Amino acid sequence: MSTLLPTSSPVPAPASPTASSPSPRTWLRKISSGGQIVETCPSFCTDSHHNDDVGALDDLQHGAEFEGTEMEVFDAEDGTCAWPLLSGRISVDPYSEDARRRVPHISLDVFRDEMMEALSPDEFAAVIAQVRAQCDRLEAGVLAQLAKVRAEYR
């Protein structure tokens, strides 16, 4: 939620988050094209917004990261290392030109910056179902095939 103010309007003092009420956080943003706006974080936002006091109107994003499971993967350049799979962010870009980004959505980092962006709840549920089905197929088919092939190989 935001309130656009002309540059000359008096501006209410930003509310400071306290330990008892971390949200909503409210602050004054100066818009680089002119004017200023009072911004309030939605309840889910955990972003610091340290660098969001000046900028283009559509530069603002609110969000919260979620971690993926770290798995050991092999990369020809880096060798074996732990890498998160299926991590991402719930976010909203309140001034985006893309209507899908102006409402809370998921940006899912599938693996090494391969992103699925601006997923709605229904789209995210479909991705979860597809990943679950693929894991079931891997377990039922490929795992059994690998065990059989290894047994024959010996």
# chains A, B, ... in the order shown; residues from 1 in each chain; ligands from 1
>>> residues_around(residues="Glu72 in chain A", least_positions_apart="2", cutoff="9 Å", atoms="only C-alpha atoms", output="ChimeraX atom specification")
/A:70,74,80-84
>>> write_last_selection(atoms="N, CA and C atoms", output="mmCIF file, in the first residue's frame")
data_model
loop_
_atom_site.group_PDB
_atom_site.id
_atom_site.type_symbol
_atom_site.label_atom_id
_atom_site.label_comp_id
_atom_site.auth_asym_id
_atom_site.auth_seq_id
_atom_site.Cartn_x
_atom_site.Cartn_y
_atom_site.Cartn_z
ATOM 1 N N GLU A 70 19.702 -28.313 -0.122
ATOM 2 C CA GLU A 70 21.045 -28.371 -0.706
ATOM 3 C C GLU A 70 21.398 -29.810 -0.990
ATOM 4 N N PHE A 74 27.663 -32.247 -9.189
ATOM 5 C CA PHE A 74 28.960 -32.177 -9.839
ATOM 6 C C PHE A 74 28.892 -31.191 -10.983
ATOM 7 N N THR A 80 32.607 -31.032 -7.191
ATOM 8 C CA THR A 80 31.419 -31.361 -6.412
ATOM 9 C C THR A 80 31.203 -30.300 -5.345
ATOM 10 N N CYS A 81 29.973 -29.830 -5.252
ATOM 11 C CA CYS A 81 29.645 -28.834 -4.235
ATOM 12 C C CYS A 81 28.155 -28.930 -3.906
ATOM 13 N N ALA A 82 27.788 -28.412 -2.742
ATOM 14 C CA ALA A 82 26.372 -28.387 -2.357
ATOM 15 C C ALA A 82 25.702 -27.231 -3.093
ATOM 16 N N TRP A 83 24.533 -27.488 -3.640
ATOM 17 C CA TRP A 83 23.809 -26.468 -4.391
ATOM 18 C C TRP A 83 22.328 -26.586 -4.056
ATOM 19 N N PRO A 84 21.684 -25.460 -3.766
ATOM 20 C CA PRO A 84 20.257 -25.537 -3.422
ATOM 21 C C PRO A 84 19.385 -25.808 -4.644
#
>>> atom_distance(atom1="CA of Thr69 in chain A", atom2="CA of Ser87 in chain A")
7.4 Å
>>> residues_around(residues="Ser91 in chain A", least_positions_apart="4", cutoff="12 Å", atoms="only C-alpha atoms", output="list in words")
Cys41, Pro42, Ser43, Phe44, Cys45, Thr46, Asp47, Leu60, Gln61, His62, Gly63, Ala64, Glu65, Phe66, Ser96, Arg100, Arg101, Arg102, Val103, Pro104, His105, Ile106, Ser107, Leu108, Glu117, Ala118, Leu119 and Ser120 of chain A
>>> atom_distance(atom1="CA of Asp53 in chain A", atom2="CA of Thr40 in chain A")
12.1 Å
>>> closest_residue(among="A:Gly79, A:Pro94, A:Gly88, A:Gly35", to="Asp59 in chain A", atoms="only C-alpha atoms")
A:Pro94
>>> atom_distance(atom1="CA of His49 in chain A", atom2="CA of Leu28 in chain A")
11.1 Å
>>> select_by_dssp(residues="chain A", states="strand (DSSP E)", output="JSON, numbers by chain")
{"A": [2, 3, 4, 5, 26, 27, 28, 29, 30, 31, 36, 37, 38, 39, 40, 54, 55, 62, 63, 64, 65, 66, 69, 70, 71, 72, 73, 74, 75, 79, 80, 81, 82, 83, 84, 85, 87, 88, 89, 90, 91, 92, 105, 106, 107, 108, 109, 110, 111, 114, 115, 116, 117, 118, 119]}
>>> closest_residue(among="A:Asp78, A:Arg137, A:Gly34, A:Asp58", to="Asp98 in chain A", atoms="only C-alpha atoms")
A:Asp58
